[in-house]
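So this one's final_17.csv, CSV, C-alpha atoms:
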```csv
chain,number,residue,atom,x,y,z
A,1,MET,CA,0.0,0.0,0.0
A,2,MET,CA,0.9,3.7,-0.3
A,3,SER,CA,3.9,3.6,-2.4
A,4,MET,CA,3.4,5.7,-5.5
A,5,HIS,CA,2.1,8.9,-3.9
A,6,GLU,CA,5.7,9.6,-2.7
A,7,TRP,CA,6.6,9.9,-6.4
A,8,ALA,CA,4.2,12.8,-6.8
A,9,LEU,CA,5.7,14.5,-3.7
A,10,ALA,CA,9.2,13.9,-4.9
A,11,GLU,CA,8.4,15.5,-8.2
A,12,GLY,CA,7.3,18.6,-6.4
A,13,VAL,CA,10.5,18.6,-4.3
A,14,VAL,CA,12.7,18.3,-7.4
A,15,ALA,CA,10.8,21.1,-9.2
A,16,ALA,CA,11.1,23.4,-6.1
A,17,VAL,CA,14.8,22.7,-5.7
A,18,SER,CA,15.4,23.6,-9.4
A,19,ARG,CA,13.4,26.8,-9.1
A,20,ILE,CA,15.1,27.9,-5.9
A,21,ALA,CA,18.6,27.1,-7.3
A,22,GLU,CA,17.8,29.3,-10.3
A,23,GLU,CA,16.4,32.1,-8.2
A,24,GLN,CA,19.5,32.1,-5.9
A,25,GLY,CA,22.0,31.8,-8.8
A,26,LEU,CA,23.3,28.4,-7.6
A,27,ARG,CA,25.4,26.5,-10.2
A,28,LYS,CA,25.3,23.4,-8.1
A,29,VAL,CA,23.1,22.2,-5.3
A,30,THR,CA,25.0,20.3,-2.5
A,31,GLU,CA,22.4,19.6,0.1
A,32,VAL,CA,18.6,19.4,0.2
A,33,THR,CA,16.7,19.1,3.4
A,34,VAL,CA,13.1,17.9,3.3
A,35,ARG,CA,10.8,17.6,6.3
A,36,ILE,CA,8.0,15.1,6.3
A,37,GLY,CA,5.1,15.2,8.8
A,38,GLU,CA,4.0,12.1,10.6
A,39,LEU,CA,0.3,12.8,9.9
A,40,GLN,CA,0.8,12.1,6.2
A,41,GLN,CA,2.9,9.0,6.9
A,42,VAL,CA,5.1,9.5,3.9
A,43,ASP,CA,7.4,6.5,3.4
A,44,ARG,CA,10.9,8.0,4.0
A,45,GLU,CA,12.8,5.4,2.0
A,46,ILE,CA,10.5,5.6,-1.1
A,47,LEU,CA,10.6,9.4,-1.0
A,48,ILE,CA,14.4,9.4,-0.9
A,49,PHE,CA,14.5,6.8,-3.7
A,50,ALA,CA,12.0,8.8,-5.8
A,51,ILE,CA,13.9,12.1,-5.3
A,52,ASP,CA,17.1,10.3,-6.3
A,53,GLN,CA,15.5,8.9,-9.5
A,54,LEU,CA,14.0,12.3,-10.4
A,55,ARG,CA,17.1,14.4,-9.6
A,56,SER,CA,17.6,17.3,-12.1
A,57,PRO,CA,21.2,17.9,-13.4
A,58,ILE,CA,21.8,20.8,-11.0
A,59,MET,CA,21.3,18.6,-8.0
A,60,ARG,CA,23.0,15.5,-9.3
A,61,ASP,CA,25.4,15.2,-6.4
A,62,ALA,CA,23.3,16.8,-3.7
A,63,LYS,CA,23.0,15.1,-0.4
A,64,ILE,CA,19.3,14.4,0.3
A,65,ILE,CA,18.3,14.8,4.0
A,66,VAL,CA,14.8,13.8,5.1
A,67,GLU,CA,13.8,14.8,8.6
A,68,GLU,CA,10.7,13.4,10.2
A,69,ALA,CA,8.4,15.7,12.3
A,70,PRO,CA,6.1,14.2,14.8
A,71,ALA,CA,2.4,15.1,14.3
A,72,ARG,CA,1.1,17.2,17.2
A,73,LEU,CA,-2.6,18.1,17.3
A,74,ARG,CA,-4.4,20.6,19.5
A,75,CYS,CA,-8.1,20.7,20.3
A,76,ARG,CA,-9.6,24.1,19.5
A,77,VAL,CA,-12.4,23.5,22.0
A,78,CYS,CA,-10.7,22.3,25.2
A,79,GLY,CA,-7.1,23.0,24.3
A,80,HIS,CA,-5.8,19.5,24.9
A,81,THR,CA,-2.7,18.7,22.9
A,82,TRP,CA,-1.8,15.2,21.8
A,83,ARG,CA,0.4,13.2,19.4
A,84,PHE,CA,-1.1,11.5,16.4
A,85,ASN,CA,-0.7,7.8,16.5
A,86,PRO,CA,-1.3,6.0,13.2
A,87,ARG,CA,-1.2,2.6,15.0
A,88,GLY,CA,-4.6,1.1,15.4
A,89,LEU,CA,-6.1,3.0,12.4
A,90,GLU,CA,-7.8,0.9,9.8
A,91,GLU,CA,-5.7,0.6,6.6
A,92,ASP,CA,-8.1,2.5,4.4
A,93,VAL,CA,-8.3,5.3,7.0
A,94,SER,CA,-4.6,5.4,7.2
A,95,GLU,CA,-4.4,5.5,3.4
A,96,ALA,CA,-7.0,8.3,3.2
A,97,ILE,CA,-5.1,10.5,5.6
A,98,HIS,CA,-1.9,9.7,3.7
A,99,PHE,CA,-3.4,11.1,0.5
A,100,ILE,CA,-5.2,14.1,2.0
A,101,PRO,CA,-4.2,14.7,5.6
A,102,GLU,CA,-7.2,17.0,6.2
A,103,VAL,CA,-9.6,14.0,6.0
A,104,ALA,CA,-8.2,13.2,9.5
A,105,HIS,CA,-11.1,15.5,10.6
A,106,ALA,CA,-13.5,12.8,9.4
A,107,TYR,CA,-11.8,10.1,11.6
A,108,LEU,CA,-10.0,11.6,14.6
A,109,THR,CA,-11.4,13.4,17.5
A,110,CYS,CA,-9.9,15.0,20.6
A,111,PRO,CA,-9.2,12.2,23.1
A,112,ASN,CA,-10.2,14.5,25.9
A,113,CYS,CA,-13.5,16.0,24.8
A,114,GLY,CA,-14.4,14.2,21.6
A,115,SER,CA,-14.4,17.3,19.3
A,116,PRO,CA,-13.3,17.0,15.7
A,117,ASP,CA,-12.3,20.6,15.7
A,118,PHE,CA,-8.5,20.3,16.2
A,119,GLU,CA,-5.5,21.9,14.5
A,120,VAL,CA,-2.3,20.4,13.4
A,121,LEU,CA,0.4,22.2,15.3
A,122,GLU,CA,3.2,20.4,13.4
A,123,GLY,CA,3.9,17.4,11.3
A,124,ARG,CA,1.2,17.7,8.7
A,125,GLY,CA,2.9,16.9,5.3
A,126,ILE,CA,5.9,17.6,3.2
A,127,TRP,CA,8.0,20.8,3.4
A,128,LEU,CA,11.2,21.8,1.7
A,129,ALA,CA,13.3,23.1,4.6
A,130,SER,CA,16.6,24.1,2.9
A,131,VAL,CA,18.6,24.1,-0.3
A,132,LYS,CA,22.3,24.6,0.0
A,133,GLY,CA,24.7,25.0,-2.9
A,134,LEU,CA,27.6,26.8,-4.6
A,135,ARG,CA,27.3,30.1,-6.4
A,136,GLY,CA,29.1,31.4,-9.4
A,137,ASP,CA,32.5,29.9,-10.1
A,138,GLY,CA,33.3,29.1,-6.4
B,1,MET,CA,11.4,27.5,2.8
B,2,ALA,CA,9.0,26.2,0.1
B,3,ASP,CA,5.9,24.1,-0.3
B,4,PRO,CA,6.8,21.5,-2.9
B,5,ARG,CA,3.2,20.8,-3.8
B,6,LEU,CA,2.8,24.3,-5.2
B,7,GLU,CA,5.4,23.5,-7.9
B,8,LEU,CA,3.1,20.8,-9.3
B,9,ILE,CA,-0.2,22.5,-9.7
B,10,ASP,CA,0.4,24.2,-13.1
B,11,ARG,CA,2.0,21.0,-14.4
B,12,ARG,CA,-1.0,18.9,-13.3
B,13,LEU,CA,-3.5,21.3,-14.9
B,14,SER,CA,-1.5,21.7,-18.1
B,15,THR,CA,-3.4,18.9,-19.9
B,16,ILE,CA,-6.7,20.9,-19.5
B,17,ASP,CA,-7.9,23.5,-22.1
B,18,ARG,CA,-10.5,25.3,-19.9
B,19,ILE,CA,-11.1,25.3,-16.2
B,20,ILE,CA,-14.6,26.6,-15.3
B,21,ALA,CA,-15.7,27.2,-11.8
B,22,VAL,CA,-19.4,27.0,-11.2
B,23,CYS,CA,-20.0,29.4,-8.4
B,24,SER,CA,-22.4,31.7,-6.5
B,25,GLY,CA,-22.4,34.1,-3.7
B,26,LYS,CA,-25.2,32.0,-2.1
B,27,GLY,CA,-25.8,28.4,-1.2
B,28,GLY,CA,-28.8,26.4,-2.3
B,29,VAL,CA,-29.0,27.9,-5.8
B,30,GLY,CA,-28.2,24.7,-7.6
B,31,LYS,CA,-24.5,25.0,-8.3
B,32,SER,CA,-23.8,21.3,-7.9
B,33,VAL,CA,-26.6,20.1,-10.1
B,34,VAL,CA,-25.8,22.8,-12.7
B,35,ALA,CA,-22.1,21.8,-12.6
B,36,SER,CA,-22.8,18.0,-12.8
B,37,THR,CA,-25.4,18.3,-15.6
B,38,MET,CA,-23.3,20.7,-17.5
B,39,ALA,CA,-20.3,18.3,-17.3
B,40,LEU,CA,-22.5,15.5,-18.6
B,41,LEU,CA,-23.9,17.6,-21.4
B,42,LEU,CA,-20.4,18.6,-22.5
B,43,SER,CA,-19.3,15.0,-22.4
B,44,ARG,CA,-22.2,13.9,-24.5
B,45,ARG,CA,-21.1,16.4,-27.2
B,46,GLY,CA,-17.9,14.3,-27.5
B,47,LEU,CA,-15.7,16.5,-25.4
B,48,LYS,CA,-13.3,15.2,-22.7
B,49,VAL,CA,-14.6,16.5,-19.4
B,50,GLY,CA,-13.6,16.3,-15.8
B,51,LEU,CA,-15.6,17.3,-12.7
B,52,LEU,CA,-13.9,18.4,-9.5
B,53,ASP,CA,-16.0,18.8,-6.3
B,54,LEU,CA,-14.4,21.4,-4.1
B,55,ASP,CA,-17.3,21.8,-1.7
B,56,PHE,CA,-15.4,19.7,0.9
B,57,THR,CA,-17.7,20.1,3.9
B,58,CYS,CA,-21.0,19.7,2.0
B,59,PRO,CA,-20.2,17.7,-1.2
B,60,ALA,CA,-23.1,16.8,-3.4
B,61,THR,CA,-22.0,16.0,-7.0
B,62,HIS,CA,-21.3,12.3,-6.0
B,63,ILE,CA,-25.0,12.0,-5.0
B,64,ILE,CA,-26.2,13.8,-8.2
B,65,LEU,CA,-24.1,11.6,-10.5
B,66,GLY,CA,-24.5,8.3,-8.5
B,67,VAL,CA,-20.8,7.8,-8.2
B,68,GLY,CA,-21.0,4.5,-6.3
B,69,ASP,CA,-17.8,2.8,-5.2
B,70,ALA,CA,-15.4,4.1,-7.8
B,71,MET,CA,-12.0,5.0,-6.5
B,72,PRO,CA,-9.0,6.9,-7.9
B,73,GLU,CA,-6.1,4.8,-9.1
B,74,GLU,CA,-2.7,5.4,-7.4
B,75,GLU,CA,0.0,6.0,-10.0
B,76,ARG,CA,2.6,8.6,-9.1
B,77,GLY,CA,-0.3,10.6,-7.7
B,78,LEU,CA,-4.0,10.0,-8.1
B,79,ILE,CA,-5.8,9.2,-11.4
B,80,PRO,CA,-9.5,10.1,-11.2
B,81,PRO,CA,-11.8,7.2,-12.1
B,82,GLU,CA,-14.2,7.6,-14.9
B,83,VAL,CA,-17.8,8.1,-13.7
B,84,ASN,CA,-20.5,8.4,-16.4
B,85,GLY,CA,-17.9,9.4,-18.9
B,86,LEU,CA,-16.4,12.1,-16.7
B,87,GLU,CA,-13.0,12.1,-14.9
B,88,TYR,CA,-14.4,12.6,-11.4
B,89,MET,CA,-12.5,13.8,-8.3
B,90,SER,CA,-13.8,14.6,-4.9
B,91,LEU,CA,-12.8,14.3,-1.2
B,92,ILE,CA,-15.6,11.8,-0.8
B,93,TYR,CA,-13.4,8.9,-1.9
B,94,TYR,CA,-11.5,9.4,1.4
B,95,THR,CA,-14.1,10.5,3.9
B,96,ALA,CA,-16.3,7.4,3.9
B,97,GLY,CA,-19.5,9.5,4.0
B,98,ARG,CA,-18.5,10.9,7.4
B,99,PRO,CA,-19.0,14.5,8.4
B,100,THR,CA,-15.7,16.3,7.7
B,101,PRO,CA,-15.6,19.7,9.5
B,102,LEU,CA,-12.8,21.8,8.1
B,103,ARG,CA,-11.5,25.3,9.0
B,104,GLY,CA,-10.0,27.6,6.5
B,105,VAL,CA,-6.4,26.5,6.8
B,106,ASP,CA,-7.5,22.9,6.3
B,107,ILE,CA,-9.6,23.8,3.2
B,108,SER,CA,-6.7,25.6,1.7
B,109,ASN,CA,-4.3,22.7,2.4
B,110,ALA,CA,-6.7,20.1,1.1
B,111,ILE,CA,-7.2,22.1,-2.2
B,112,VAL,CA,-3.4,22.4,-2.7
B,113,GLU,CA,-3.0,18.6,-1.9
B,114,LEU,CA,-5.8,17.6,-4.3
B,115,LEU,CA,-4.6,19.9,-7.1
B,116,SER,CA,-1.0,18.8,-6.8
B,117,ILE,CA,-1.6,15.0,-6.7
B,118,THR,CA,-4.5,14.6,-9.1
B,119,ARG,CA,-3.3,13.6,-12.6
B,120,TRP,CA,-6.0,14.5,-15.0
B,121,GLY,CA,-6.0,13.2,-18.5
B,122,ARG,CA,-6.2,15.3,-21.6
B,123,LEU,CA,-9.3,17.3,-21.0
B,124,ASN,CA,-11.2,20.0,-23.0
B,125,HIS,CA,-13.1,21.1,-19.9
B,126,LEU,CA,-12.6,20.8,-16.1
B,127,ILE,CA,-15.8,21.8,-14.3
B,128,VAL,CA,-15.2,22.8,-10.7
B,129,ASP,CA,-18.2,22.7,-8.3
B,130,MET,CA,-17.4,25.5,-5.8
B,131,PRO,CA,-18.7,26.0,-2.3
B,132,PRO,CA,-20.8,29.2,-2.0
B,133,GLY,CA,-19.4,32.6,-1.2
B,134,LEU,CA,-16.1,34.4,-1.0
B,135,GLY,CA,-14.4,32.2,1.5
B,136,ASP,CA,-11.3,30.1,1.5
B,137,ALA,CA,-12.0,27.9,-1.5
B,138,THR,CA,-12.7,30.8,-3.7
B,139,LEU,CA,-9.7,32.7,-2.5
B,140,GLU,CA,-7.4,29.7,-2.9
B,141,LEU,CA,-8.5,29.0,-6.5
B,142,LEU,CA,-8.1,32.7,-7.4
B,143,ARG,CA,-4.5,32.4,-6.0
B,144,LEU,CA,-3.7,29.0,-7.6
B,145,ILE,CA,-5.4,29.1,-11.0
B,146,PRO,CA,-5.2,32.5,-12.5
B,147,GLY,CA,-6.6,31.3,-15.9
B,148,MET,CA,-9.8,29.9,-14.4
B,149,GLU,CA,-13.1,31.1,-15.8
B,150,PHE,CA,-16.3,31.7,-13.7
B,151,LEU,CA,-19.8,30.7,-14.5
B,152,ILE,CA,-22.1,32.2,-11.9
B,153,VAL,CA,-25.4,30.7,-10.8
B,154,THR,CA,-28.2,32.7,-9.2
B,155,THR,CA,-31.9,32.2,-8.6
B,156,PRO,CA,-34.6,34.8,-9.3
B,157,SER,CA,-34.4,35.9,-5.6
B,158,ARG,CA,-33.0,39.3,-5.0
B,159,VAL,CA,-31.3,37.9,-1.9
B,160,ALA,CA,-29.3,35.5,-4.1
B,161,PHE,CA,-28.6,38.1,-6.7
B,162,GLN,CA,-27.2,40.6,-4.2
B,163,THR,CA,-24.7,38.0,-3.1
B,164,VAL,CA,-23.8,37.3,-6.7
B,165,ARG,CA,-23.3,41.0,-7.4
B,166,ARG,CA,-20.6,41.1,-4.7
B,167,LEU,CA,-18.9,38.0,-6.2
B,168,ILE,CA,-19.0,39.7,-9.6
B,169,GLU,CA,-17.5,42.8,-8.2
B,170,LEU,CA,-14.6,40.9,-6.7
B,171,LEU,CA,-13.9,38.9,-9.8
B,172,ARG,CA,-13.9,42.1,-11.9
B,173,HIS,CA,-11.6,43.8,-9.5
B,174,LEU,CA,-9.2,40.9,-9.9
B,175,ASP,CA,-9.7,41.0,-13.7
B,176,ARG,CA,-10.9,37.4,-13.9
B,177,ARG,CA,-13.0,36.1,-16.8
B,178,ILE,CA,-16.7,35.8,-16.1
B,179,ILE,CA,-18.5,33.6,-18.7
B,180,GLY,CA,-21.9,34.9,-17.6
B,181,VAL,CA,-24.8,34.3,-15.2
B,182,VAL,CA,-27.3,31.4,-15.2
B,183,GLU,CA,-30.7,32.0,-13.6
B,184,ASN,CA,-31.8,28.8,-12.0
B,185,MET,CA,-35.1,27.6,-10.4
B,186,VAL,CA,-37.2,30.1,-12.3
B,187,MET,CA,-40.9,29.7,-11.6
B,188,GLU,CA,-42.2,32.6,-13.7
B,189,SER,CA,-40.4,34.8,-16.1
B,190,SER,CA,-38.3,37.2,-14.1
B,191,LYS,CA,-37.1,40.1,-16.1
B,192,PRO,CA,-35.4,41.8,-13.2
B,193,ILE,CA,-32.5,39.3,-13.1
B,194,ARG,CA,-31.9,39.4,-16.8
B,195,GLY,CA,-32.0,43.2,-16.7
B,196,GLU,CA,-29.6,43.3,-13.7
B,197,VAL,CA,-27.1,41.0,-15.4
B,198,GLU,CA,-27.2,42.9,-18.7
B,199,ALA,CA,-26.9,46.2,-16.8
B,200,LEU,CA,-23.6,44.8,-15.5
B,201,SER,CA,-22.5,44.2,-19.1
B,202,LEU,CA,-22.4,40.5,-18.5
B,203,ARG,CA,-23.9,37.7,-20.5
B,204,TYR,CA,-27.2,36.3,-19.3
B,205,LEU,CA,-26.7,32.7,-20.2
B,206,GLY,CA,-30.2,31.5,-19.7
B,207,SER,CA,-33.2,30.9,-17.6
B,208,ILE,CA,-33.6,27.4,-16.1
B,209,PRO,CA,-37.2,26.6,-15.1
B,210,PHE,CA,-37.8,25.0,-11.7
B,211,ASP,CA,-38.2,21.3,-12.6
B,212,PRO,CA,-40.3,19.2,-10.2
B,213,GLY,CA,-39.0,16.1,-12.0
B,214,LEU,CA,-35.4,16.8,-11.2
B,215,GLU,CA,-35.3,15.4,-7.7
B,216,GLU,CA,-36.5,12.0,-9.0
B,217,ALA,CA,-33.6,11.9,-11.5
B,218,LEU,CA,-30.8,12.6,-9.1
B,219,GLY,CA,-28.3,9.7,-8.8
B,220,ASP,CA,-28.9,8.5,-12.4
B,221,ALA,CA,-27.0,10.3,-15.1
B,222,GLU,CA,-29.2,9.0,-17.9
B,223,ALA,CA,-32.4,10.1,-16.2
B,224,LEU,CA,-30.8,13.5,-15.3
B,225,LEU,CA,-30.1,14.1,-19.0
B,226,GLU,CA,-33.7,13.5,-19.8
B,227,THR,CA,-35.1,16.2,-17.5
B,228,ARG,CA,-36.5,19.6,-18.5
B,229,PHE,CA,-33.7,21.0,-16.4
B,230,ALA,CA,-31.0,19.4,-18.6
B,231,GLU,CA,-32.9,20.4,-21.7
B,232,ALA,CA,-32.9,24.0,-20.6
B,233,LEU,CA,-29.2,23.8,-19.6
B,234,GLU,CA,-28.3,22.8,-23.2
B,235,GLY,CA,-28.5,26.4,-24.1
B,236,VAL,CA,-26.0,27.4,-21.5
B,237,VAL,CA,-23.7,24.7,-22.7
B,238,SER,CA,-23.9,26.0,-26.3
B,239,ALA,CA,-23.1,29.5,-25.0
B,240,LEU,CA,-19.9,28.1,-23.4
B,241,LEU,CA,-18.6,26.7,-26.7
B,242,PRO,CA,-17.3,28.6,-29.7
B,243,ASP,CA,-19.5,28.3,-32.8
```

Starting from the file, give its structure as structure tokens.
Amino acid sequence: MMSMHEWALAEGVVAAVSRIAEEQGLRKVTEVTVRIGELQQVDREILIFAIDQLRSPIMRDAKIIVEEAPARLRCRVCGHTWRFNPRGLEEDVSEAIHFIPEVAHAYLTCPNCGSPDFEVLEGRGIWLASVKGLRGDG
Amino acid sequence: MADPRLELIDRRLSTIDRIIAVCSGKGGVGKSVVASTMALLLSRRGLKVGLLDLDFTCPATHIILGVGDAMPEEERGLIPPEVNGLEYMSLIYYTAGRPTPLRGVDISNAIVELLSITRWGRLNHLIVDMPPGLGDATLELLRLIPGMEFLIVTTPSRVAFQTVRRLIELLRHLDRRIIGVVENMVMESSKPIRGEVEALSLRYLGSIPFDPGLEEALGDAEALLETRFAEALEGVVSALLPD
């Protein structure tokens, strides 16, 4: 299950890196850091593999770092804060949240008061955290 | 630093000739049934058509079209299934019919996610069923899809038209293309709306009579296309297309 969605996300990462490299006048990208949120349950290994396969020439030798962020949720009604735990979710629910993390609001409720009105404090989805590289002739 | 999903949206929509949002300032004017039936009518004319339901908290097009248990195929993103000849995409595939309460930030995020992972085929038209009003979904699409066109639905009610007038004002201020205004659920000829629309120098696309037989046909695309409602909507569809 859930294997090919990472390719769509990897495609976005590679396109964003290329755009940023161009904007910043980089001739070579040396390091790319991507953050993935626990809520979306992106498969780290598949994501790295997909980015590796899709690399554009400017990032050919770049080191790819993928950091995982825990998903922390906060109830907007009672203020309770908790960590999302994908264990115990049905496979189709887990997969639905994987595709569109917001559908979590159809399945999860605050463990304290039962409200579905919660916010994702951190660890929602994918984020390009940094792009490092070399400018000009240096 | 950057949201990688935003890089993909133009690419994902690049296979589509025209993206048409069916919208209104007001709820309950028949946007979803206009959007669904229009998509079917365009498809019946031999065009390749997609339908995207962005009314996340109150989706309806799946009921109107009788979507059943179709599911997107996962292939480097999501490939929408074909439903009654339409490429059909909605959050309903993933919510199992449960209530899905979403705040603005969630609506924005879900729209970005859906637009960035949905892989549409080669389409002549993508019809987008919008939630009512000038809220998050409308603002998000104005931001993400500058080339989108707008087809506005009203009823003969002045209440509905006043909300539509504000929507038109916003779209004009932003220099967006408004195809015209459809007057739905007309019970007796109502010159005021036609006059109001024309006074705004907009195209009055047609008057759709209130059709008591429509409710019975919901959920069955073939029956839907046989209604007086669909017959009246043919004129609107013709107005969308070049001669």

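Selecting chain A residues within 8 Å of chain B and counting all atoms listed in the file yields Met4, His5, Glu6, Trp7, Ala8, Leu9, Glu11, Gly12, Val13, Ala15, Ala16, Val93, Ala96, Ile97, Phe99, Ile100, Pro101, Glu102, Val103, His105, Ala106, Tyr107, Pro116, Asp117, Ile126, Trp127, Leu128, Ala129 and Ser130 of chain A.
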
Rounded to one decimal, what separation in Å do you get between CA of Val33 in chain B and CA of Ile64 in chain B? 6.6 Å

Distance query Gln40 in chain A at most 6 Å, only C-alpha atoms, self and fewer than 3 positions along chain excluded, as a list in words: Gly37, His98, Pro101 and Gly125 of chain A

Taking 2 positions as the minimum chain separation for residues in the same chain, which residues sit within 8 Å of range 199-213 of chain B when counting all atoms listed in the file? Answer as a VMD selection string. chain B and resid 178 to 188 194 to 197 215 to 217 227 to 229 232 to 233 235 to 236 239

Can you tell me, as a PyMOL selection string, what residues are no more than 7 Å from Leu54 in chain A when counting all atoms listed in the file, ignoring any on the same chain fewer than 2 positions away? chain A and resi 11+14+50-52+56

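For range 81-88 of chain A, the set of protein, DNA and RNA residues having any atom at most 8 Å away, when counting only C-alpha atoms and skipping those fewer than 6 positions along the same chain, is A:Glu38, A:Leu39, A:Pro70, A:Ala71, A:Arg72, A:Leu73, A:Arg74, A:Cys75, A:Ser94.
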
Same residues, C-alpha atoms, output as an mmCIF file, keeping the file's coordinate frame:
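Dumped everything to result28.cif:
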```cif
data_model
loop_
_atom_site.group_PDB
_atom_site.id
_atom_site.type_symbol
_atom_site.label_atom_id
_atom_site.label_comp_id
_atom_site.auth_asym_id
_atom_site.auth_seq_id
_atom_site.Cartn_x
_atom_site.Cartn_y
_atom_site.Cartn_z
ATOM 1 C CA GLU A 38 4.000 12.100 10.600
ATOM 2 C CA LEU A 39 0.300 12.800 9.900
ATOM 3 C CA PRO A 70 6.100 14.200 14.800
ATOM 4 C CA ALA A 71 2.400 15.100 14.300
ATOM 5 C CA ARG A 72 1.100 17.200 17.200
ATOM 6 C CA LEU A 73 -2.600 18.100 17.300
ATOM 7 C CA ARG A 74 -4.400 20.600 19.500
ATOM 8 C CA CYS A 75 -8.100 20.700 20.300
ATOM 9 C CA SER A 94 -4.600 5.400 7.200
#
```

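In this model, the gap between CA of Trp120 in chain B and CA of Leu141 in chain B comes to 17.0 Å.
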
Do a neighbour search on range 25-30 of chain A at 8 Å with all atoms listed in the file, toss out local chain neighbours closer than 2 positions, and write the hits as a PDB file with C-alpha atoms, in the coordinates of the input.
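Written output follows (selection18.pdb):
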```pdb
ATOM      1  CA  ALA A  21      18.600  27.100  -7.300  1.00  0.00           C
ATOM      2  CA  GLU A  22      17.800  29.300 -10.300  1.00  0.00           C
ATOM      3  CA  GLU A  23      16.400  32.100  -8.200  1.00  0.00           C
ATOM      4  CA  VAL A  32      18.600  19.400   0.200  1.00  0.00           C
ATOM      5  CA  ILE A  58      21.800  20.800 -11.000  1.00  0.00           C
ATOM      6  CA  MET A  59      21.300  18.600  -8.000  1.00  0.00           C
ATOM      7  CA  ARG A  60      23.000  15.500  -9.300  1.00  0.00           C
ATOM      8  CA  ASP A  61      25.400  15.200  -6.400  1.00  0.00           C
ATOM      9  CA  ALA A  62      23.300  16.800  -3.700  1.00  0.00           C
ATOM     10  CA  LYS A  63      23.000  15.100  -0.400  1.00  0.00           C
ATOM     11  CA  VAL A 131      18.600  24.100  -0.300  1.00  0.00           C
ATOM     12  CA  LYS A 132      22.300  24.600   0.000  1.00  0.00           C
ATOM     13  CA  GLY A 133      24.700  25.000  -2.900  1.00  0.00           C
ATOM     14  CA  LEU A 134      27.600  26.800  -4.600  1.00  0.00           C
ATOM     15  CA  ARG A 135      27.300  30.100  -6.400  1.00  0.00           C
ATOM     16  CA  GLY A 136      29.100  31.400  -9.400  1.00  0.00           C
ATOM     17  CA  ASP A 137      32.500  29.900 -10.100  1.00  0.00           C
TER      18      ASP A 137
END
```

Rank nothing, just name the residue among A:Leu89, A:Ile64, A:Cys78, A:Ala69 nearest to Asn112 in chain A, using all atoms listed in the file. A:Cys78

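Proximity ranking of B:Ile145, B:Met130, B:Leu170, B:Ala160 relative to Leu52 in chain B places B:Met130 first, based on all atoms listed in the file.
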
Between CA of Leu144 in chain B and CA of Val164 in chain B lies a distance of 21.8 Å

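Counting only C-alpha atoms, the residue from B:Gly25, B:Gly104, B:Gly219, B:Gly50 that sits nearest to Ile127 in chain B is B:Gly50.
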